$ cat start.tsv   # TSV, C-alpha atoms
chain	number	residue	atom	x	y	z
A	61	MET	CA	14.76	-13.06	-25.57
A	62	ALA	CA	16.85	-13.47	-22.47
A	63	ALA	CA	14.77	-10.93	-20.55
A	64	GLU	CA	11.62	-9.09	-21.56
A	65	ARG	CA	9.30	-6.97	-19.47
A	66	LYS	CA	6.01	-5.46	-20.62
A	67	VAL	CA	4.44	-2.47	-18.90
A	68	LYS	CA	0.81	-1.75	-19.70
A	69	ILE	CA	0.02	1.92	-20.39
A	70	PRO	CA	-2.84	3.02	-18.07
A	71	ASP	CA	-6.00	4.67	-19.39
A	72	GLY	CA	-5.66	8.42	-19.90
A	73	VAL	CA	-1.88	8.22	-20.33
A	74	LYS	CA	0.06	8.68	-23.55
A	75	ALA	CA	3.55	7.25	-23.94
A	76	SER	CA	5.90	7.86	-26.85
A	77	LEU	CA	9.51	7.17	-27.67
A	78	ASP	CA	11.46	10.10	-29.18
A	79	GLY	CA	14.81	8.59	-30.04
A	80	MET	CA	15.88	7.15	-26.69
A	81	HIS	CA	13.71	9.45	-24.55
A	82	LEU	CA	10.51	7.97	-23.16
A	83	ARG	CA	7.88	10.71	-22.85
A	84	VAL	CA	4.83	10.06	-20.69
A	85	THR	CA	1.89	12.46	-20.57
A	86	GLY	CA	-1.05	12.14	-18.20
A	87	PRO	CA	-3.63	14.21	-16.31
A	88	LYS	CA	-1.08	15.57	-13.81
A	89	GLY	CA	1.64	16.51	-16.30
A	90	GLN	CA	4.45	15.25	-18.48
A	91	LEU	CA	7.65	13.34	-17.67
A	92	SER	CA	10.60	12.45	-19.85
A	93	ARG	CA	13.44	10.04	-19.19
A	94	ASN	CA	16.45	8.81	-21.14
A	95	VAL	CA	16.10	5.02	-21.45
A	96	ARG	CA	19.29	4.42	-23.42
A	97	PHE	CA	21.39	1.49	-22.27
A	98	PRO	CA	23.68	-0.74	-24.35
A	99	GLN	CA	22.05	-3.97	-25.56
A	100	VAL	CA	18.63	-3.02	-24.15
A	101	THR	CA	15.81	-2.20	-26.56
A	102	VAL	CA	12.75	-0.18	-25.58
A	103	THR	CA	9.72	-0.13	-27.86
A	104	CYS	CA	6.47	1.70	-27.38
A	105	GLY	CA	3.50	0.44	-29.34
A	106	GLY	CA	-0.17	-0.20	-28.85
A	107	ASN	CA	-1.01	-0.06	-25.19
A	108	GLU	CA	2.30	-1.24	-23.72
A	109	VAL	CA	5.97	-0.43	-23.38
A	110	VAL	CA	8.28	-3.39	-24.00
A	111	ILE	CA	11.79	-3.47	-22.50
A	112	ALA	CA	13.92	-6.37	-23.73
A	113	THR	CA	17.45	-7.68	-24.16
A	114	GLU	CA	19.10	-10.61	-25.91
A	115	SER	CA	22.01	-10.66	-23.47
A	116	ARG	CA	22.23	-13.04	-20.55
A	117	ARG	CA	24.70	-10.89	-18.60
A	118	LYS	CA	23.48	-10.13	-15.10
A	119	GLU	CA	23.94	-6.34	-15.17
A	120	ILE	CA	22.10	-6.02	-18.48
A	121	THR	CA	19.14	-8.18	-17.42
A	122	ALA	CA	19.05	-6.23	-14.15
A	123	MET	CA	18.84	-2.99	-16.15
A	124	VAL	CA	15.72	-4.34	-17.90
A	125	GLY	CA	14.03	-4.56	-14.49
A	126	THR	CA	15.31	-1.14	-13.52
A	127	LEU	CA	13.90	0.47	-16.67
A	128	GLU	CA	10.60	-1.33	-16.05
A	129	ALA	CA	10.45	0.14	-12.53
A	130	HIS	CA	11.26	3.64	-13.85
A	131	THR	CA	8.49	3.32	-16.45
A	132	LYS	CA	5.94	2.21	-13.84
A	133	ASN	CA	6.97	5.11	-11.58
A	134	MET	CA	6.49	7.55	-14.47
A	135	PHE	CA	3.00	6.17	-15.19
A	136	ARG	CA	2.03	6.41	-11.52
A	137	GLY	CA	3.47	9.90	-11.26
A	138	VAL	CA	1.44	11.37	-14.13
A	139	THR	CA	-1.78	9.71	-12.92
A	140	GLU	CA	-1.64	9.87	-9.10
A	141	GLY	CA	1.50	11.80	-8.20
A	142	TYR	CA	3.70	11.29	-5.17
A	143	GLU	CA	3.36	12.67	-1.65
A	144	TYR	CA	6.01	12.39	1.04
A	145	ARG	CA	5.23	13.41	4.63
A	146	MET	CA	7.99	14.45	6.99
A	147	LYS	CA	7.69	15.02	10.74
A	148	VAL	CA	9.50	17.82	12.56
A	149	VAL	CA	10.89	16.44	15.84
A	150	TYR	CA	12.49	18.58	18.53
A	151	SER	CA	12.92	18.29	22.27
A	152	HIS	CA	15.37	21.07	23.07
A	153	PHE	CA	14.65	24.08	20.84
A	154	PRO	CA	11.54	24.65	18.70
A	155	ILE	CA	12.48	24.41	15.02
A	156	GLN	CA	11.14	27.19	12.79
A	157	LEU	CA	10.57	26.46	9.10
A	158	LYS	CA	10.21	28.98	6.28
A	159	LEU	CA	9.86	28.39	2.55
A	160	GLN	CA	11.90	30.78	0.42
A	161	GLY	CA	11.42	29.95	-3.24
A	162	ASN	CA	13.12	26.62	-3.84
A	163	LYS	CA	14.79	26.50	-0.40
A	164	LEU	CA	13.51	25.48	3.00
A	165	GLU	CA	15.03	27.54	5.79
A	166	ILE	CA	15.43	25.63	9.05
A	167	ALA	CA	15.98	28.15	11.84
A	168	ASN	CA	16.75	27.63	15.54
A	169	PHE	CA	17.81	24.02	14.96
A	170	LEU	CA	19.42	22.94	18.27
A	171	GLY	CA	19.55	26.64	19.20
A	172	GLU	CA	21.99	27.47	16.41
A	173	LYS	CA	22.27	31.13	15.48
A	174	LYS	CA	22.73	30.43	11.78
A	175	ALA	CA	19.85	28.94	9.81
A	176	ARG	CA	20.29	25.74	7.81
A	177	HIS	CA	18.96	25.42	4.27
A	178	ALA	CA	17.59	22.49	2.29
A	179	ARG	CA	17.06	22.64	-1.47
A	180	ILE	CA	13.62	21.75	-2.84
A	181	GLU	CA	13.99	20.39	-6.40
A	182	GLN	CA	12.29	22.05	-9.38
A	183	GLY	CA	8.84	20.51	-9.93
A	184	VAL	CA	8.29	19.63	-6.26
A	185	THR	CA	5.77	21.51	-4.13
A	186	ALA	CA	6.48	21.85	-0.41
A	187	LYS	CA	3.90	22.74	2.24
A	188	VAL	CA	4.96	23.54	5.77
A	189	GLY	CA	2.50	22.84	8.58
A	190	ASN	CA	2.92	23.05	12.36
A	191	ASP	CA	5.14	20.02	12.83
A	192	GLU	CA	4.95	18.58	9.33
A	193	VAL	CA	6.44	19.11	5.87
A	194	VAL	CA	4.53	17.69	2.89
A	195	LEU	CA	6.33	17.27	-0.43
A	196	THR	CA	4.29	16.56	-3.57
A	197	GLY	CA	5.21	16.11	-7.21
A	198	ILE	CA	4.91	13.84	-10.23
A	199	ASP	CA	8.56	12.75	-10.45
A	200	ARG	CA	9.36	10.24	-7.71
A	201	GLU	CA	13.09	10.84	-8.00
A	202	LEU	CA	12.81	14.60	-7.45
A	203	VAL	CA	10.39	14.26	-4.52
A	204	GLY	CA	12.70	11.71	-2.86
A	205	THR	CA	15.76	13.88	-3.48
A	206	SER	CA	14.04	16.86	-1.87
A	207	ALA	CA	13.13	14.75	1.18
A	208	ALA	CA	16.72	13.52	1.42
A	209	ASN	CA	18.00	17.11	1.21
A	210	ILE	CA	15.79	18.08	4.15
A	211	GLU	CA	16.88	15.09	6.25
A	212	HIS	CA	20.52	15.75	5.40
A	213	ALA	CA	20.23	19.44	6.38
A	214	THR	CA	19.12	18.45	9.89
A	215	HIS	CA	21.87	15.87	10.42
A	216	ILE	CA	23.39	16.26	13.89
A	217	ARG	CA	27.18	16.30	14.24
A	218	ASP	CA	29.34	16.27	17.37
A	219	ARG	CA	26.47	15.40	19.72
A	220	ASP	CA	25.14	12.14	21.11
A	221	PRO	CA	22.33	10.98	18.75
A	222	ARG	CA	20.67	9.07	21.59
A	223	VAL	CA	20.09	12.33	23.44
A	224	PHE	CA	19.69	14.77	20.58
A	225	GLN	CA	17.05	13.19	18.35
A	226	ASP	CA	15.95	16.50	16.87
A	227	GLY	CA	15.46	16.70	13.12
A	228	ILE	CA	13.02	16.36	10.24
A	229	TYR	CA	12.33	12.72	9.44
A	230	MET	CA	10.43	10.81	6.76
A	231	VAL	CA	7.16	9.44	8.13
A	232	GLN	CA	5.10	8.41	5.09
A	233	ARG	CA	5.67	7.86	1.38
A	234	GLY	CA	2.90	7.46	-1.11
$ encode --input "start.tsv" --output "structure tokens"
Amino acid sequence: MAAERKVKIPDGVKASLDGMHLRVTGPKGQLSRNVRFPQVTVTCGGNEVVIATESRRKEITAMVGTLEAHTKNMFRGVTEGYEYRMKVVYSHFPIQLKLQGNKLEIANFLGEKKARHARIEQGVTAKVGNDEVVLTGIDRELVGTSAANIEHATHIRDRDPRVFQDGIYMVQRG
């Protein structure tokens, strides 16, 4: 083997391989991911997931590490989950936040008449506090994408960023 990584399956978690889809089930829910990549083999047996390749090419051995990281993130997601905290920062106009289904409405941002919207991905729960937005979910990718959508929605254009530091920013990941 040119590269081989083994990921131990935690207690209380079931992992199975359906074709090239890795399915992980735990106390918080179920995740599925396509682990197909040329010249990379993924096997699930006993109490570990083995990701290996015979190739010595850099991009293929790098993909072994990437699939290992995705597998670990899936195991952590179904056991502990992910929580991202975002801070609402304003100095000029108070920002008003409202959850509307799978969208976060950001009103009065820099005194704008029109509200801005940020999409919250399916499977992610958002809670809006006074000056804080908390995103929770079991899929790290979806929680991070939702946080990025919120940060992107409050991006300031055509103003000096040293003066106008208003926005919603990531404070804590975990």
$ residues_around --input "start.tsv" --residues "Ile198 in chain A" --least-positions-apart "3" --cutoff "8 Å" --atoms "all atoms listed in the file" --output "JSON, numbers by chain"
{"A": [88, 89, 91, 134, 137, 138, 140, 141, 142, 183, 184, 203]}
$ write_last_selection --input "start.tsv" --atoms "C-alpha atoms" --output "mmCIF file, keeping the file's coordinate frame"
data_model
loop_
_atom_site.group_PDB
_atom_site.id
_atom_site.type_symbol
_atom_site.label_atom_id
_atom_site.label_comp_id
_atom_site.auth_asym_id
_atom_site.auth_seq_id
_atom_site.Cartn_x
_atom_site.Cartn_y
_atom_site.Cartn_z
ATOM 1 C CA LYS A 88 -1.080 15.570 -13.810
ATOM 2 C CA GLY A 89 1.640 16.510 -16.300
ATOM 3 C CA LEU A 91 7.650 13.340 -17.670
ATOM 4 C CA MET A 134 6.490 7.550 -14.470
ATOM 5 C CA GLY A 137 3.470 9.900 -11.260
ATOM 6 C CA VAL A 138 1.440 11.370 -14.130
ATOM 7 C CA GLU A 140 -1.640 9.870 -9.100
ATOM 8 C CA GLY A 141 1.500 11.800 -8.200
ATOM 9 C CA TYR A 142 3.700 11.290 -5.170
ATOM 10 C CA GLY A 183 8.840 20.510 -9.930
ATOM 11 C CA VAL A 184 8.290 19.630 -6.260
ATOM 12 C CA VAL A 203 10.390 14.260 -4.520
#
$ atom_distance --input "start.tsv" --atom1 "CA of Thr139 in chain A" --atom2 "CA of Leu164 in chain A"
27.1 Å
$ closest_residue --input "start.tsv" --among "A:Val193, A:Ile155, A:Val95, A:Leu127" --to "Ala175 in chain A" --atoms "all atoms listed in the file"
A:Ile155
$ residues_near_point --input "start.tsv" --point "(2.0, 15.9, 2.6)" --cutoff "6 Å" --atoms "all atoms listed in the file" --output "list in words"
Glu143, Tyr144, Arg145, Val194 and Leu195 of chain A
$ residues_around --input "start.tsv" --residues "range 206-212 of chain A" --least-positions-apart "6" --cutoff "6 Å" --atoms "only C-alpha atoms" --output "MDAnalysis selection string"
chainID A and resid 178 180:181 228
$ closest_residue --input "start.tsv" --among "A:Val223, A:Leu170, A:Ala186, A:Met123" --to "Met146 in chain A" --atoms "only C-alpha atoms"
A:Ala186
$ residues_around --input "start.tsv" --residues "range 97-107 of chain A" --least-positions-apart "5" --cutoff "6 Å" --atoms "only C-alpha atoms" --output "list in words"
Ile69, Ala112 and Thr113 of chain A
$ residues_around --input "start.tsv" --residues "Val149 in chain A" --least-positions-apart "6" --cutoff "8 Å" --atoms "all atoms listed in the file" --output "ChimeraX atom specification"
/A:191,225-229
$ residues_around --input "start.tsv" --residues "Phe169 in chain A" --least-positions-apart "3" --cutoff "10 Å" --atoms "all atoms listed in the file" --output "list of chain:residue names"
A:Tyr150, A:His152, A:Phe153, A:Pro154, A:Ile155, A:Gln156, A:Leu157, A:Ile166, A:Glu172, A:Lys173, A:Lys174, A:Ala175, A:Arg176, A:Thr214, A:Ile216, A:Asp226, A:Gly227
$ closest_residue --input "start.tsv" --among "A:Lys147, A:Lys66, A:His130, A:Lys187" --to "Lys163 in chain A" --atoms "all atoms listed in the file"
A:Lys187
$ build_atoms --input "start.tsv" --residues "range 89-109 of chain A" --atoms "N, CA and C atoms" --output "PDB file, in the coordinates of the input"
ATOM      1  N   GLY A  89       0.524  15.849 -15.643  1.00  0.00           N
ATOM      2  CA  GLY A  89       1.640  16.510 -16.300  1.00  0.00           C
ATOM      3  C   GLY A  89       2.400  15.594 -17.225  1.00  0.00           C
ATOM      4  N   GLN A  90       3.630  15.996 -17.540  1.00  0.00           N
ATOM      5  CA  GLN A  90       4.450  15.250 -18.480  1.00  0.00           C
ATOM      6  C   GLN A  90       5.822  14.966 -17.877  1.00  0.00           C
ATOM      7  N   LEU A  91       6.319  13.749 -18.114  1.00  0.00           N
ATOM      8  CA  LEU A  91       7.650  13.340 -17.670  1.00  0.00           C
ATOM      9  C   LEU A  91       8.423  12.792 -18.854  1.00  0.00           C
ATOM     10  N   SER A  92       9.740  12.977 -18.803  1.00  0.00           N
ATOM     11  CA  SER A  92      10.600  12.450 -19.850  1.00  0.00           C
ATOM     12  C   SER A  92      11.819  11.829 -19.192  1.00  0.00           C
ATOM     13  N   ARG A  93      12.281  10.724 -19.761  1.00  0.00           N
ATOM     14  CA  ARG A  93      13.440  10.040 -19.190  1.00  0.00           C
ATOM     15  C   ARG A  93      14.242   9.387 -20.313  1.00  0.00           C
ATOM     16  N   ASN A  94      15.566   9.466 -20.194  1.00  0.00           N
ATOM     17  CA  ASN A  94      16.450   8.810 -21.140  1.00  0.00           C
ATOM     18  C   ASN A  94      16.522   7.325 -20.780  1.00  0.00           C
ATOM     19  N   VAL A  95      16.119   6.454 -21.721  1.00  0.00           N
ATOM     20  CA  VAL A  95      16.100   5.020 -21.450  1.00  0.00           C
ATOM     21  C   VAL A  95      17.188   4.293 -22.247  1.00  0.00           C
ATOM     22  N   ARG A  96      18.208   5.004 -22.643  1.00  0.00           N
ATOM     23  CA  ARG A  96      19.290   4.420 -23.420  1.00  0.00           C
ATOM     24  C   ARG A  96      20.204   3.592 -22.522  1.00  0.00           C
ATOM     25  N   PHE A  97      20.435   2.360 -22.936  1.00  0.00           N
ATOM     26  CA  PHE A  97      21.390   1.490 -22.270  1.00  0.00           C
ATOM     27  C   PHE A  97      21.870   0.474 -23.285  1.00  0.00           C
ATOM     28  N   PRO A  98      23.163   0.183 -23.339  1.00  0.00           N
ATOM     29  CA  PRO A  98      23.680  -0.740 -24.350  1.00  0.00           C
ATOM     30  C   PRO A  98      23.018  -2.116 -24.253  1.00  0.00           C
ATOM     31  N   GLN A  99      22.647  -2.656 -25.393  1.00  0.00           N
ATOM     32  CA  GLN A  99      22.050  -3.970 -25.560  1.00  0.00           C
ATOM     33  C   GLN A  99      20.647  -4.106 -24.976  1.00  0.00           C
ATOM     34  N   VAL A 100      20.013  -2.995 -24.622  1.00  0.00           N
ATOM     35  CA  VAL A 100      18.630  -3.020 -24.150  1.00  0.00           C
ATOM     36  C   VAL A 100      17.783  -2.247 -25.144  1.00  0.00           C
ATOM     37  N   THR A 101      16.697  -2.869 -25.611  1.00  0.00           N
ATOM     38  CA  THR A 101      15.810  -2.200 -26.560  1.00  0.00           C
ATOM     39  C   THR A 101      14.500  -1.850 -25.856  1.00  0.00           C
ATOM     40  N   VAL A 102      14.024  -0.647 -26.131  1.00  0.00           N
ATOM     41  CA  VAL A 102      12.750  -0.180 -25.580  1.00  0.00           C
ATOM     42  C   VAL A 102      11.863   0.166 -26.760  1.00  0.00           C
ATOM     43  N   THR A 103      10.675  -0.428 -26.797  1.00  0.00           N
ATOM     44  CA  THR A 103       9.720  -0.130 -27.860  1.00  0.00           C
ATOM     45  C   THR A 103       8.396   0.268 -27.223  1.00  0.00           C
ATOM     46  N   CYS A 104       7.752   1.195 -27.882  1.00  0.00           N
ATOM     47  CA  CYS A 104       6.470   1.700 -27.380  1.00  0.00           C
ATOM     48  C   CYS A 104       5.459   1.538 -28.513  1.00  0.00           C
ATOM     49  N   GLY A 105       4.505   0.664 -28.308  1.00  0.00           N
ATOM     50  CA  GLY A 105       3.500   0.440 -29.340  1.00  0.00           C
ATOM     51  C   GLY A 105       2.229  -0.091 -28.746  1.00  0.00           C
ATOM     52  N   GLY A 106       1.124   0.264 -29.362  1.00  0.00           N
ATOM     53  CA  GLY A 106      -0.170  -0.200 -28.850  1.00  0.00           C
ATOM     54  C   GLY A 106      -0.436   0.368 -27.483  1.00  0.00           C
ATOM     55  N   ASN A 107      -0.707  -0.521 -26.550  1.00  0.00           N
ATOM     56  CA  ASN A 107      -1.010  -0.060 -25.190  1.00  0.00           C
ATOM     57  C   ASN A 107       0.017  -0.564 -24.187  1.00  0.00           C
ATOM     58  N   GLU A 108       1.276  -0.777 -24.638  1.00  0.00           N
ATOM     59  CA  GLU A 108       2.300  -1.240 -23.720  1.00  0.00           C
ATOM     60  C   GLU A 108       3.690  -0.783 -24.148  1.00  0.00           C
ATOM     61  N   VAL A 109       4.559  -0.721 -23.154  1.00  0.00           N
ATOM     62  CA  VAL A 109       5.970  -0.430 -23.380  1.00  0.00           C
ATOM     63  C   VAL A 109       6.720  -1.726 -23.123  1.00  0.00           C
TER      64      VAL A 109
END
